[in-house]
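Source file: protein29.txt. Holds: compact mmCIF, C-alpha atoms and all ligand atoms.
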```
# COMPACT_ATOMS: atom_id res chain seq x y z
CA MET A 1 13.06 -16.24 4.27
CA ASP A 2 11.17 -17.61 1.35
CA MET A 3 11.28 -14.64 -0.96
CA ASN A 4 10.08 -15.18 -4.48
CA ILE A 5 11.64 -12.60 -6.82
CA VAL A 6 10.14 -12.04 -10.25
CA VAL A 7 11.93 -9.70 -12.68
CA VAL A 8 9.86 -8.65 -15.69
CA SER A 9 10.56 -6.32 -18.57
CA ASN A 10 8.48 -3.23 -17.82
CA PHE A 11 5.66 -1.53 -15.88
CA ASP A 12 2.89 -3.28 -17.84
CA SER A 13 4.25 -6.77 -17.22
CA MET A 14 4.82 -5.91 -13.55
CA SER A 15 1.18 -4.84 -13.34
CA GLU A 16 0.01 -8.05 -15.06
CA GLU A 17 2.05 -10.26 -12.69
CA VAL A 18 0.70 -8.51 -9.60
CA ALA A 19 -2.89 -8.43 -10.89
CA LYS A 20 -2.68 -12.21 -11.51
CA ILE A 21 -1.60 -12.76 -7.90
CA VAL A 22 -4.51 -10.66 -6.61
CA ILE A 23 -7.03 -12.44 -8.84
CA ALA A 24 -5.72 -15.87 -7.79
CA GLN A 25 -6.18 -14.80 -4.17
CA ILE A 26 -9.76 -13.64 -4.86
CA ARG A 27 -10.60 -16.89 -6.67
CA ARG A 28 -9.15 -18.95 -3.83
CA LYS A 29 -11.07 -16.93 -1.23
CA PRO A 30 -13.85 -14.63 -2.51
CA SER A 31 -14.02 -12.91 0.90
CA SER A 32 -10.30 -12.11 0.92
CA VAL A 33 -8.95 -9.25 2.98
CA LEU A 34 -6.65 -7.18 0.76
CA GLY A 35 -4.12 -4.61 1.93
CA LEU A 36 -3.79 -1.83 -0.66
CA ALA A 37 -1.32 0.90 -1.55
CA THR A 38 -1.60 4.19 -3.40
CA GLY A 39 1.04 5.98 -5.47
CA SER A 40 2.05 5.38 -9.07
CA SER A 41 3.23 1.76 -8.76
CA PRO A 42 -0.20 0.04 -8.36
CA LEU A 43 -2.09 2.13 -10.96
CA GLY A 44 -1.68 -0.49 -13.70
CA VAL A 45 -2.74 -3.25 -11.30
CA TYR A 46 -5.94 -1.38 -10.43
CA SER A 47 -6.91 -0.86 -14.05
CA LEU A 48 -6.33 -4.57 -14.72
CA LEU A 49 -8.50 -5.48 -11.72
CA GLU A 50 -11.24 -3.37 -13.31
CA GLU A 51 -10.82 -5.40 -16.53
CA TYR A 52 -11.01 -8.69 -14.64
CA HIS A 53 -14.14 -7.41 -12.92
CA ASN A 54 -15.70 -6.53 -16.29
CA ARG A 55 -15.01 -10.12 -17.32
CA GLY A 56 -16.85 -11.49 -14.28
CA VAL A 57 -14.60 -11.42 -11.20
CA ASP A 58 -16.74 -10.60 -8.17
CA PHE A 59 -15.46 -8.12 -5.56
CA SER A 60 -18.66 -8.00 -3.48
CA LYS A 61 -17.21 -9.97 -0.57
CA ILE A 62 -13.74 -8.42 -0.67
CA ILE A 63 -12.58 -6.40 2.35
CA THR A 64 -9.80 -3.82 1.92
CA PHE A 65 -7.44 -1.89 4.19
CA ASN A 66 -5.22 0.84 2.79
CA LEU A 67 -1.77 1.51 4.16
CA ASP A 68 -2.03 5.20 4.81
CA GLU A 69 -3.78 8.58 4.63
CA TYR A 70 -2.86 12.23 5.12
CA VAL A 71 -3.89 13.93 8.35
CA GLY A 72 -6.32 16.79 7.77
CA LEU A 73 -7.64 15.74 4.36
CA ALA A 74 -11.25 14.63 4.04
CA GLY A 75 -12.05 11.76 1.70
CA ASP A 76 -13.34 14.09 -1.02
CA HIS A 77 -10.08 16.07 -1.18
CA PRO A 78 -8.43 15.22 -4.51
CA GLN A 79 -5.06 14.62 -2.80
CA SER A 80 -6.48 12.26 -0.18
CA TYR A 81 -5.74 8.58 -0.56
CA ARG A 82 -9.46 7.83 -0.09
CA TYR A 83 -10.15 9.92 -3.19
CA TYR A 84 -7.36 8.14 -5.11
CA MET A 85 -8.81 4.74 -4.21
CA GLU A 86 -12.36 5.76 -5.17
CA GLN A 87 -11.14 7.08 -8.53
CA ASN A 88 -8.74 4.28 -9.40
CA LEU A 89 -10.40 1.18 -8.00
CA PHE A 90 -13.43 1.30 -5.72
CA ALA A 91 -15.78 3.04 -8.18
CA ARG A 92 -14.69 0.67 -10.95
CA VAL A 93 -15.48 -2.70 -9.33
CA ASN A 94 -18.42 -3.99 -7.29
CA ILE A 95 -16.71 -3.62 -3.93
CA LYS A 96 -19.01 -2.67 -1.06
CA PRO A 97 -18.13 0.83 0.25
CA GLU A 98 -18.54 -0.32 3.86
CA LYS A 99 -15.94 -3.05 3.29
CA THR A 100 -13.24 -0.53 2.28
CA HIS A 101 -11.04 0.87 5.05
CA ILE A 102 -8.60 3.76 4.94
CA PRO A 103 -7.31 5.51 8.06
CA ASN A 104 -9.51 8.54 8.72
CA GLY A 105 -7.27 11.59 8.35
CA ILE A 106 -9.84 13.90 9.92
CA ALA A 107 -10.59 11.77 13.00
CA GLN A 108 -10.90 13.85 16.20
CA ASP A 109 -8.66 11.46 18.10
CA LEU A 110 -5.86 10.28 15.83
CA GLN A 111 -4.36 7.89 18.39
CA GLU A 112 -7.72 6.19 18.81
CA GLU A 113 -8.14 6.03 15.03
CA CYS A 114 -4.80 4.19 14.77
CA ARG A 115 -5.66 1.79 17.58
CA SER A 116 -9.07 0.96 16.17
CA TYR A 117 -7.63 0.52 12.65
CA ASP A 118 -5.37 -2.33 13.82
CA GLU A 119 -8.26 -3.69 15.91
CA THR A 120 -10.58 -3.75 12.87
CA ILE A 121 -7.93 -5.63 10.85
CA ARG A 122 -7.71 -8.16 13.68
CA GLN A 123 -11.49 -8.52 13.89
CA VAL A 124 -11.79 -9.56 10.24
CA GLY A 125 -9.06 -12.16 10.71
CA GLY A 126 -6.05 -10.26 9.38
CA ILE A 127 -4.89 -9.34 5.90
CA ASP A 128 -4.63 -12.21 3.40
CA LEU A 129 -2.63 -10.33 0.78
CA GLN A 130 -0.86 -7.01 1.24
CA LEU A 131 0.29 -4.95 -1.78
CA LEU A 132 3.27 -2.67 -1.20
CA GLY A 133 5.17 -0.08 -3.18
CA ILE A 134 8.57 1.10 -2.01
CA GLY A 135 10.04 4.59 -1.65
CA SER A 136 13.45 5.42 -3.12
CA ASN A 137 14.61 5.49 0.54
CA ALA A 138 13.04 2.01 0.98
CA HIS A 139 10.07 3.24 3.01
CA ILE A 140 6.93 1.10 3.07
CA GLY A 141 3.65 2.79 3.84
CA PHE A 142 4.78 6.03 5.50
CA ASN A 143 7.33 4.14 7.59
CA GLU A 144 10.47 6.14 6.93
CA PRO A 145 14.04 4.99 7.71
CA GLY A 146 14.52 4.64 11.46
CA THR A 147 10.95 3.52 12.23
CA PRO A 148 11.17 0.67 14.76
CA PHE A 149 10.01 -2.70 13.39
CA GLY A 150 7.57 -3.04 16.32
CA THR A 151 5.40 -0.09 15.28
CA THR A 152 1.68 -0.61 14.78
CA THR A 153 -0.58 1.89 12.98
CA HIS A 154 0.67 5.32 13.99
CA VAL A 155 0.78 9.07 13.36
CA VAL A 156 3.79 10.05 11.25
CA ASP A 157 5.40 13.49 11.03
CA LEU A 158 6.24 13.96 7.36
CA THR A 159 9.78 14.99 6.56
CA GLU A 160 10.54 18.47 5.21
CA SER A 161 11.44 16.95 1.84
CA THR A 162 8.15 15.04 1.57
CA ILE A 163 6.21 18.20 2.48
CA ARG A 164 8.16 20.14 -0.16
CA ASP A 165 7.56 17.42 -2.79
CA ASN A 166 3.84 17.46 -2.05
CA ALA A 167 3.49 21.24 -2.18
CA ARG A 168 2.93 21.27 -5.96
CA PHE A 169 -0.35 19.37 -5.52
CA PHE A 170 -1.84 22.03 -3.24
CA ALA A 171 -3.05 25.60 -3.74
CA SER A 172 -0.86 26.93 -0.95
CA ARG A 173 1.92 25.68 1.31
CA SER A 174 -0.32 25.97 4.37
CA GLU A 175 -2.68 23.33 2.91
CA VAL A 176 0.06 20.71 2.56
CA PRO A 177 -0.36 17.99 5.19
CA THR A 178 2.47 17.75 7.71
CA GLN A 179 1.34 14.43 9.18
CA ALA A 180 -0.05 11.12 7.98
CA LEU A 181 -1.54 7.98 9.47
CA SER A 182 0.23 4.80 8.44
CA MET A 183 -0.03 1.13 9.13
CA GLY A 184 3.12 0.24 11.06
CA ILE A 185 5.83 -2.23 10.11
CA LYS A 186 4.36 -4.71 12.59
CA SER A 187 0.84 -4.32 11.13
CA ILE A 188 2.27 -4.94 7.63
CA MET A 189 4.28 -7.98 8.77
CA HIS A 190 1.09 -9.58 10.16
CA ALA A 191 -0.28 -10.02 6.62
CA GLN A 192 -0.31 -13.63 5.50
CA ASN A 193 1.15 -12.89 2.07
CA ILE A 194 2.90 -9.77 0.80
CA VAL A 195 3.57 -8.55 -2.74
CA LEU A 196 6.16 -5.80 -3.13
CA MET A 197 6.25 -4.08 -6.50
CA ALA A 198 8.67 -1.55 -7.96
CA ASN A 199 9.50 -0.14 -11.34
CA GLY A 200 12.05 2.27 -12.71
CA GLY A 201 15.73 2.93 -12.06
CA SER A 202 15.01 5.32 -9.18
CA LYS A 203 13.99 2.25 -7.13
CA ALA A 204 17.05 0.08 -7.96
CA ASP A 205 19.10 1.01 -4.87
CA ALA A 206 16.10 0.62 -2.55
CA ILE A 207 15.28 -2.82 -4.00
CA PHE A 208 18.88 -3.95 -3.69
CA ALA A 209 19.19 -2.72 -0.10
CA ALA A 210 15.83 -4.23 0.86
CA LEU A 211 16.47 -7.68 -0.60
CA ARG A 212 20.23 -8.14 -0.39
CA GLY A 213 21.34 -5.83 2.42
CA PRO A 214 21.20 -6.25 6.19
CA VAL A 215 17.82 -6.29 7.91
CA THR A 216 17.70 -2.91 9.63
CA PRO A 217 15.15 -0.20 10.49
CA GLU A 218 17.34 2.15 8.42
CA VAL A 219 16.01 0.22 5.38
CA PRO A 220 12.35 -0.30 6.31
CA ALA A 221 11.58 -2.73 3.45
CA SER A 222 14.46 -4.99 4.54
CA VAL A 223 12.13 -6.29 7.27
CA LEU A 224 10.38 -8.26 4.51
CA GLN A 225 13.35 -10.66 4.52
CA LEU A 226 11.91 -11.91 7.83
CA HIS A 227 8.44 -12.60 6.42
CA PRO A 228 7.55 -16.19 5.40
CA SER A 229 5.62 -15.35 2.21
CA VAL A 230 6.79 -12.42 0.10
CA THR A 231 6.69 -12.08 -3.68
CA VAL A 232 8.71 -9.23 -5.16
CA VAL A 233 7.74 -8.15 -8.68
CA VAL A 234 10.13 -5.64 -10.26
CA ASP A 235 10.82 -4.43 -13.74
CA GLN A 236 14.34 -4.74 -15.16
CA ALA A 237 15.27 -1.17 -14.20
CA ALA A 238 14.25 -1.59 -10.55
CA GLY A 239 15.86 -5.05 -10.43
CA SER A 240 19.07 -4.00 -12.21
CA LYS A 241 21.28 -4.24 -9.08
CA LEU A 242 20.04 -7.63 -7.85
C1 LIG B 1 1.40 4.44 -0.76
C2 LIG B 1 2.54 4.17 0.12
C3 LIG B 1 3.96 4.49 -0.30
C4 LIG B 1 4.27 4.18 -1.76
C5 LIG B 1 5.72 4.51 -2.09
C6 LIG B 1 6.01 4.34 -3.58
O1 LIG B 1 0.19 4.08 -0.12
O2 LIG B 1 2.34 3.68 1.17
O3 LIG B 1 4.84 3.79 0.53
O4 LIG B 1 4.01 2.84 -2.02
O5 LIG B 1 6.01 5.83 -1.73
O6 LIG B 1 5.29 5.30 -4.30
P1 LIG B 1 5.18 5.25 -5.88
O7 LIG B 1 4.47 3.99 -6.24
O8 LIG B 1 4.38 6.46 -6.25
O9 LIG B 1 6.58 5.27 -6.40
```

Could you write out this file's structure as structure tokens?
Ligand code: F6R
Amino acid sequence: MDMNIVVVSNFDSMSEEVAKIVIAQIRRKPSSVLGLATGSSPLGVYSLLEEYHNRGVDFSKIITFNLDEYVGLAGDHPQSYRYYMEQNLFARVNIKPEKTHIPNGIAQDLQEECRSYDETIRQVGGIDLQLLGIGSNAHIGFNEPGTPFGTTTHVVDLTESTIRDNARFFASRSEVPTQALSMGIKSIMHAQNIVLMANGGSKADAIFAALRGPVTPEVPASVLQLHPSVTVVVDQAAGSKL
């Protein structure tokens, strides 16, 4: 309802805007619970957080929960989201390893892993600030079009096109994950504050549909219109249809 939309010139200014929001949250509450995303959109934010840390911002009380992970990849696999987070953020700030959470893609019981992931978020009092990227089909996390809004953390069957897109990162087709674990739409909507970021013209239709179109599971990010505290930070290309 109360969506704050910030349009900036490019990727760097998007990253600065979002990093400022994260740092303000950490200063307000040093033990903040942050929801984190992977992908290309937050990379600039993470390198700015490292810079803030080098200038004295303390991450030792911060708790994090990532949106998603591939099924079947251990944390030391270079394509796992755990590995991405270690490389791009966790190893670069003084966050405590035991305070970082990412769904365990090699858990024996995936259903139980999903259930306990939501339970752990609840136990720490919920997410204070959730960062989100958006897919060109308006997915958030791995919640693809058609995912019911009521979904909690769940096992997702990846689409053929996603599997094909991912194949280039793996030695052989048989190594490409066919499933992922993802926080659900409902888990995401429980966060107190949400920041959605997007850059580039390939996101323009998704951003328009999410912010200006009808609220429908066919456009997963459109659910954010129902959240009381969302900030959208887009560059001019991604915001060009608004
Ligand atoms: C990542 C995630 C995805 C991405 C989205 C955008 O953890 O959950 O929903 O945020 O696919 O990806 P990029 O930023 O690479 O365009």

Requested in this report: Please check which protein, DNA or RNA residues sit within 8 Å of ligand LIG 1 (chain B), counting all atoms listed in the file, and write them as an MDAnalysis selection string.
Outcome: chainID A and resid 36:42 66:69 81 132:136 139:143 182 198:199

**Report entry** Of the listed residues A:Ala237, A:Ala204, A:Ile163, A:Ile188, that which approaches Pro220 (chain A) most closely, counting all atoms listed in the file
**Finding:**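 Among A:Ala237, A:Ala204, A:Ile163, A:Ile188, it is A:Ile188 that comes nearest to Pro220 (chain A).
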
Query raised in the report: Quick one: of A:Asp157, A:Ala138, A:Pro30, A:Gln225, who's nearest to Ala209 (chain A), counting only C-alpha atoms?
Result: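 Once distances to Ala209 (chain A) are computed over only C-alpha atoms, the minimum belongs to A:Ala138.
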
Query raised in the report: Pick from A:Ser80, A:Thr152, A:Asn54, A:Ser31: nearest to Val124 (chain A), with all atoms listed in the file counted?
Result: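 Of A:Ser80, A:Thr152, A:Asn54, A:Ser31, the one nearest Val124 (chain A), counting all atoms listed in the file, is A:Ser31.
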
**Report entry** Close residues, Ile194 (chain A) itself excluded, 10 Å, only C-alpha atoms, min 3 positions apart in chain, as a list in words
**Finding:**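 Selected residues are Met3, Leu34, Gly35, Ile127, Asp128, Leu129, Gln130, Leu131, Leu132, Ile188, Met189, His190, Ala191, Met197, Leu224, His227, Pro228, Ser229, Val230, Thr231 and Val232 of chain A.
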
Query - Coordinates-based distance that separates CA of Gln111 (chain A) from CA of Asn193 (chain A) (Å, one decimal) - result: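 Atom-to-atom, CA of Asn193 (chain A) and CA of Gln111 (chain A) are spaced 27.0 Å apart.
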
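Going from CA of Gly201 (chain A) over to CA of Ser240 (chain A), you cover 7.7 Å.
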
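Distance-wise, CA of Arg164 (chain A) and CA of Val215 (chain A) end up 29.3 Å apart.
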
Query raised in the report: If we count only C-alpha atoms, what is near region 88-98 of chain A at a cut-off of 6 Å, once residues fewer than 4 positions away on the same chain are taken out, given as JSON, numbers by chain?
Result: {"A": [46, 50, 59, 60, 84]}

Keeping C-alpha atoms, export the residues of the selection given above as a PDB file, keeping the file's coordinate frame.
```pdb
ATOM      1  CA  TYR A  46      -5.940  -1.380 -10.430  1.00  0.00           C
ATOM      2  CA  GLU A  50     -11.240  -3.370 -13.310  1.00  0.00           C
ATOM      3  CA  PHE A  59     -15.460  -8.120  -5.560  1.00  0.00           C
ATOM      4  CA  SER A  60     -18.660  -8.000  -3.480  1.00  0.00           C
ATOM      5  CA  TYR A  84      -7.360   8.140  -5.110  1.00  0.00           C
TER       6      TYR A  84
END
```

Requested in this report: Would you mind listing what lies within 12 Å of region 71-76 of chain A as number ranges by chain, with only C-alpha atoms counted and same-chain residues fewer than 2 positions away left out?
Outcome: A: 68-69, 78-87, 101-111, 113-114, 154-158, 170, 174-182

Query raised in the report: Taking into account all atoms listed in the file, which residue in the set A:Arg115, A:Lys241, A:Lys61, A:Arg28 is nearest to Arg212 (chain A)?
Result: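 Ranking A:Arg115, A:Lys241, A:Lys61, A:Arg28 by distance to Arg212 (chain A), first place goes to A:Lys241.
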
**Report entry** Spatial neighbours of Ala24 (chain A), max dist 12 Å, all atoms listed in the file, sep filter under 3 positions, as number ranges by chain
**Finding:** A: 17-21, 27-30, 32, 49, 52, 57, 128-129

Residues at most 8 Å from Asp118 (chain A), counting all atoms listed in the file, excluding those fewer than 5 positions away in the same chain, as a PDB file with C-alpha atoms, in the coordinates of the input?
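Heads up, here's the output in around.pdb:
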```pdb
ATOM      1  CA  THR A 152       1.680  -0.610  14.780  1.00  0.00           C
ATOM      2  CA  THR A 153      -0.580   1.890  12.980  1.00  0.00           C
ATOM      3  CA  MET A 183      -0.030   1.130   9.130  1.00  0.00           C
ATOM      4  CA  SER A 187       0.840  -4.320  11.130  1.00  0.00           C
TER       5      SER A 187
END
```

Requested in this report: Using all atoms listed in the file, pick whichever of A:Asn137, A:Thr159, A:Thr147, A:Ser202 has the shortest atom-to-atom distance to Gly239 (chain A).
Outcome: A:Ser202

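With all atoms listed in the file as the atoms that count, the minimum distance from Val33 (chain A) to the choices A:Gly200, A:Pro148, A:Gly184, A:Gly126 is reached by A:Gly126.
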
Give the centre and edge lengths of an axis-aligned box, in Å to one decimal, that holds all listed atoms of region 22-28 of chain A with 8 Å on each side, as AutoDock Vina command-line options.
```
--center_x -7.6 --center_y -14.8 --center_z -6.3 --size_x 22.1 --size_y 24.3 --size_z 21.0
```

Could region 2-106 of chain A be written out with C-alpha atoms, as a short mmCIF file (atom, residue, chain, number, x, y, z; two decimals), in the first residue's frame, please?
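Generated output (selection-v6.cif):
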```cif
data_model
loop_
_atom_site.label_atom_id
_atom_site.label_comp_id
_atom_site.auth_asym_id
_atom_site.auth_seq_id
_atom_site.Cartn_x
_atom_site.Cartn_y
_atom_site.Cartn_z
CA ASP A 2 2.71 2.36 1.01
CA MET A 3 5.22 1.70 -1.71
CA ASN A 4 8.17 4.02 -1.90
CA ILE A 5 9.62 4.02 -5.44
CA VAL A 6 13.10 5.41 -6.03
CA VAL A 7 14.36 5.71 -9.62
CA VAL A 8 18.10 6.32 -9.93
CA SER A 9 20.39 6.63 -12.91
CA ASN A 10 22.34 3.37 -12.96
CA PHE A 11 23.49 0.18 -11.20
CA ASP A 12 26.00 1.99 -8.97
CA SER A 13 23.47 4.49 -7.64
CA MET A 14 20.94 1.68 -7.13
CA SER A 15 23.56 -0.17 -5.09
CA GLU A 16 24.35 2.96 -3.04
CA GLU A 17 20.65 3.59 -2.28
CA VAL A 18 20.09 0.01 -1.14
CA ALA A 19 23.33 -0.15 0.86
CA LYS A 20 22.28 3.05 2.69
CA ILE A 21 18.96 1.44 3.65
CA VAL A 22 20.75 -1.66 4.97
CA ILE A 23 23.26 0.40 6.95
CA ALA A 24 20.50 2.58 8.44
CA GLN A 25 18.76 -0.62 9.54
CA ILE A 26 21.97 -1.94 11.14
CA ARG A 27 22.60 1.36 12.94
CA ARG A 28 19.02 1.42 14.22
CA LYS A 29 19.26 -2.19 15.41
CA PRO A 30 22.74 -3.76 15.53
CA SER A 31 21.18 -7.22 15.97
CA SER A 32 19.01 -6.87 12.86
CA VAL A 33 17.75 -9.92 11.02
CA LEU A 34 18.46 -9.42 7.32
CA GLY A 35 16.92 -11.40 4.46
CA LEU A 36 19.41 -11.69 1.59
CA ALA A 37 19.34 -12.48 -2.12
CA THR A 38 21.92 -13.77 -4.57
CA GLY A 39 22.20 -13.09 -8.30
CA SER A 40 23.74 -10.11 -10.06
CA SER A 41 21.48 -7.36 -8.65
CA PRO A 42 22.86 -7.24 -5.05
CA LEU A 43 26.57 -7.60 -5.93
CA GLY A 44 27.21 -3.84 -5.75
CA VAL A 45 25.33 -3.64 -2.45
CA TYR A 46 27.50 -6.37 -0.93
CA SER A 47 30.74 -4.69 -1.96
CA LEU A 48 29.50 -1.41 -0.45
CA LEU A 49 28.60 -3.21 2.79
CA GLU A 50 32.20 -4.44 2.88
CA GLU A 51 33.37 -0.81 2.52
CA TYR A 52 31.06 0.34 5.33
CA HIS A 53 32.42 -2.49 7.46
CA ASN A 54 36.01 -1.39 6.75
CA ARG A 55 34.98 2.06 7.97
CA GLY A 56 33.67 0.65 11.26
CA VAL A 57 30.16 -0.78 10.81
CA ASP A 58 29.84 -3.85 13.02
CA PHE A 59 28.12 -6.98 11.67
CA SER A 60 28.87 -9.21 14.68
CA LYS A 61 25.28 -9.25 15.94
CA ILE A 62 23.62 -9.43 12.53
CA ILE A 63 21.55 -12.52 11.68
CA THR A 64 20.92 -13.41 8.02
CA PHE A 65 18.54 -15.66 6.10
CA ASN A 66 18.98 -16.19 2.37
CA LEU A 67 16.04 -16.67 0.06
CA ASP A 68 17.07 -19.84 -1.67
CA GLU A 69 19.53 -22.63 -2.49
CA TYR A 70 19.88 -25.37 -5.10
CA VAL A 71 19.00 -28.92 -4.10
CA GLY A 72 21.98 -31.26 -4.28
CA LEU A 73 24.76 -28.67 -4.06
CA ALA A 74 26.95 -28.59 -0.96
CA GLY A 75 28.03 -25.21 0.38
CA ASP A 76 31.51 -25.51 -1.12
CA HIS A 77 30.18 -26.01 -4.66
CA PRO A 78 31.02 -22.86 -6.63
CA GLN A 79 27.45 -22.65 -8.01
CA SER A 80 25.80 -22.95 -4.60
CA TYR A 81 24.28 -19.83 -3.11
CA ARG A 82 26.14 -20.54 0.16
CA TYR A 83 29.40 -20.27 -1.78
CA TYR A 84 28.22 -17.04 -3.46
CA MET A 85 27.38 -15.51 -0.08
CA GLU A 86 30.71 -16.54 1.46
CA GLN A 87 32.62 -15.06 -1.48
CA ASN A 88 30.65 -11.86 -1.88
CA LEU A 89 29.71 -10.91 1.67
CA PHE A 90 30.21 -13.23 4.63
CA ALA A 91 34.00 -13.54 4.33
CA ARG A 92 34.30 -9.77 3.87
CA VAL A 93 32.56 -8.55 7.04
CA ASN A 94 32.67 -9.65 10.67
CA ILE A 95 29.44 -11.61 10.55
CA LYS A 96 29.36 -14.73 12.74
CA PRO A 97 29.14 -17.88 10.56
CA GLU A 98 26.59 -19.44 12.93
CA LYS A 99 24.31 -16.42 12.46
CA THR A 100 24.10 -16.92 8.68
CA HIS A 101 21.30 -19.14 7.37
CA ILE A 102 20.79 -20.55 3.89
CA PRO A 103 18.47 -23.48 3.16
CA ASN A 104 20.54 -26.67 3.20
CA GLY A 105 20.39 -28.09 -0.33
CA ILE A 106 21.84 -31.42 0.75
#
```
